[in-house]
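Notes follow the structure.
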2 protein chains.
Amino acid sequence: MTELMTIGELSAATGVPDSTIRFWERRDLIVPATRRGGQRRYTPDDVQRVAVLRLCQAAGFTLAEIGRMKRERHDEPFEWRRLVTDKLADVQRRLTELDHARDLLHHALRCGHENILHCPGFQAAVRDGGTSPWYDEEPSEDDVQQFDQAVDPVPGR
Amino acid sequence: MTELMTIGELSAATGVPDSTIRFWERRDLIVPATRRGGQRRYTPDDVQRVAVLRLCQAAGFTLAEIGRMKRERHDEPFEWRRLVTDKLADVQRRLTELDHARDLLHHALRCGHENILHCPGFQAAVRDGGTSPWYDEEPSEDDVQQFDQAVDPVPGR
DNA sequence: CTGGGGCCTGAACCATGGTTCAAGTCAATG
DNA sequence: CATTGACTTGAACCATGGTTCAGGCCCCAG
C-alpha cells in the first residue's frame, strides 16, 4: 500500500507529460506526496488530482484561476462561488458559440458547395448569428460572386 | 455608395480593436479595400469578413489555419475539406468536454456542499468522465474527508 | 490654412502554458 | 558494485495572439 509512483508513472497514467507536471508543481497546482532520494513520489490519488486539473482547464479556468480556487476553497468560499458562477456563464456562452460553429462546419461539408466560403448560407449565418435557416440548393452565380467578394476579394480590387 | 470606412469605424462596427485588425492584416487575413492618403479604407463587406474570422476562431481554427483555409480555398479543395473535417471532429470533442464541464460547475453551485471540491459527486464524475449520476444529498464525513485528501491533501501529509 | 484627433509604422513588450536543454544525481537491475 | 535509464534543476526557448509605444503624417472641421 506504500506503492508510490514516480513522475514517469504518473505521466503514463494520466497522459500528461512529466515536464507539464513539473511545471504545474512550480505553480503550486500538483504537489508530490514526498521525495525519495530527491525524486518525486506520487500516490494514486494524484492521478485524480491531475484529472481534476485537466477538467478545470477544459472548463476554461486558467492555471492562475485554478490556483486561486485551491487557495480560496477554505478561506474565501464567497469569492470561490463568484469565480465558479462567472465561469459557468462563460462556459454557457462558449457552448452556444461552439454549437453554432459546429453547425457552420457541418453544413459546409454537406451543402451543395465544394467550398464553404462559396456558400451563401454561411454568409447569412454570419449576418444573423446562426439563427437563419440554411439553404442547401445550388447557389446562383450572383450568390457566389457576391459572397466571394464578401469573404475574399479579388486581389487588386 | 463609395462610402468607405476608416479602421476606427470598422473597429467600432465589429468590436474588434484596431490594433487587432492591423495585426490580422500583417497575417494576410483582413486586407483593406484601398488606402486613402496612406490610411486604410474598408467596405461594409469587411464587417462580414471580420465576423467570419471571429467565427472561425470560435470554431477553434488558429490564425495560421484560417490563413491556410483562405489560400487553399481555390487551389486545394481536398486539403481544405480535410482541414474542416478534422476541425469538426475537434469541435464535437470540445462540445462534449465543455458540456461535461458545465454540468460539473452547475452541480457545484447547487449540491448541498458549500464548496465543489468537497463534493463526492464531483470526484465520481472525474473518475468516470461524467457518466455517473450526481447525488445531491449531504455527503457523509467520510466522503468529505476522502475527497479532501484526493483533491488537496493536508500540507505535510 | 491651421489645429488636432485619428491614423501610420516598426519594434518592443506582454500573458499563457508549456517544452527543451545541459549538466548532474540517483535508483534499481544484472 | 557498476552501469544505465530515469530522474533532478534552473534557465532558456517556444508558439499564439495580441497590445503598447514612440515618433511621425495626414484628413477634415472650423
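By convention in this document, the chains of the C-alpha cells carry letters A, B, ... by their order, each chain's residues are numbered from 1, and ligands are numbered from 1 in the order they are shown.
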
**Message:** Could you work out which residues of chain B fall inside 9 Å of chain C? Count only C-alpha atoms (C1' of nucleotides), and format the result as an MDAnalysis selection string.
**Reply:** chainID B and resid 6:8 38:40

**Leu98 of chain B environment, 7 Å, only C-alpha atoms (C1' of nucleotides), sequence neighbours closer than 3 positions dropped, as number ranges by chain** = A: 58-59, 91, 95; B: 94-95, 101-102

Residues of the last selection are to be written out with C-alpha atoms, as a PDB file, in the first residue's frame.
```
ATOM      1  CA  ALA A  58     -11.444  22.146 -20.132  1.00  0.00           C
ATOM      2  CA  ALA A  59     -13.965  24.290 -18.277  1.00  0.00           C
ATOM      3  CA  VAL A  91     -18.964  28.100 -20.347  1.00  0.00           C
ATOM      4  CA  LEU A  95     -21.153  26.258 -25.626  1.00  0.00           C
TER       5      LEU A  95
ATOM      6  CA  ARG B  94     -14.757  20.046 -27.246  1.00  0.00           C
ATOM      7  CA  LEU B  95     -18.520  20.366 -27.150  1.00  0.00           C
ATOM      8  CA  ALA B 101     -17.577  20.775 -17.524  1.00  0.00           C
ATOM      9  CA  ARG B 102     -20.770  22.800 -17.465  1.00  0.00           C
TER      10      ARG B 102
END
```

For a quick test of understanding: name the residues of chain B lying within 10 Å of chain D when counting only C-alpha atoms (C1' of nucleotides), and present them as a PDB file with C-alpha atoms, in the first residue's frame.
```
ATOM      1  CA  PRO B  17      -9.681  46.555 -31.621  1.00  0.00           C
ATOM      2  CA  SER B  19      -4.615  47.013 -33.228  1.00  0.00           C
ATOM      3  CA  THR B  20      -6.019  43.546 -33.811  1.00  0.00           C
ATOM      4  CA  PHE B  23      -2.271  42.525 -36.666  1.00  0.00           C
ATOM      5  CA  TRP B  24      -4.558  40.391 -38.800  1.00  0.00           C
ATOM      6  CA  ARG B  36      -6.593  56.992 -48.907  1.00  0.00           C
ATOM      7  CA  GLY B  37      -3.543  59.076 -48.221  1.00  0.00           C
ATOM      8  CA  GLY B  38      -1.904  56.124 -46.575  1.00  0.00           C
ATOM      9  CA  GLN B  39      -4.923  55.325 -44.436  1.00  0.00           C
ATOM     10  CA  THR B  62      -5.791  29.132 -35.312  1.00  0.00           C
ATOM     11  CA  LEU B  63      -4.870  32.198 -37.347  1.00  0.00           C
ATOM     12  CA  ALA B  64      -2.441  30.031 -39.306  1.00  0.00           C
TER      13      ALA B  64
END
```

**Message:** I'd like the interatomic distance between atom CA of Asp46 of chain B and atom CA of Phe61 of chain B, to a tenth of an Å.
**Reply:** 19.4 Å

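Across segment 2-131 of chain B, DSSP run on the backbone finds strand (DSSP E or B) at B:Met5, B:Thr34, B:Arg35, B:Arg36, B:Gln39, B:Arg40, B:Arg41, B:Tyr42.
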
Could you write out that same residue set with C-alpha atoms as an mmCIF file, in the first residue's frame?
```cif
data_model
loop_
_atom_site.group_PDB
_atom_site.id
_atom_site.type_symbol
_atom_site.label_atom_id
_atom_site.label_comp_id
_atom_site.auth_asym_id
_atom_site.auth_seq_id
_atom_site.Cartn_x
_atom_site.Cartn_y
_atom_site.Cartn_z
ATOM 1 C CA MET B 5 -14.881 53.071 -43.513
ATOM 2 C CA THR B 34 -7.693 50.511 -50.506
ATOM 3 C CA ARG B 35 -5.673 53.341 -48.988
ATOM 4 C CA ARG B 36 -6.593 56.992 -48.907
ATOM 5 C CA GLN B 39 -4.923 55.325 -44.436
ATOM 6 C CA ARG B 40 -6.808 52.043 -44.693
ATOM 7 C CA ARG B 41 -10.322 52.222 -46.108
ATOM 8 C CA TYR B 42 -12.758 49.344 -45.709
#
```

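Of note, atom CA of Pro44 of chain B and atom CA of Gly15 of chain B are spaced 14.2 Å apart.
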
**Request:** Compile the contact shell of Val84 of chain B as number ranges by chain: residues with an atom at most 12 Å away, counting only C-alpha atoms (C1' of nucleotides), same-chain residues fewer than 4 positions apart removed.
**Result:** A: 101-110, 114-117; B: 56, 59-61, 65-66, 68-69, 72-73, 77-80, 88-91
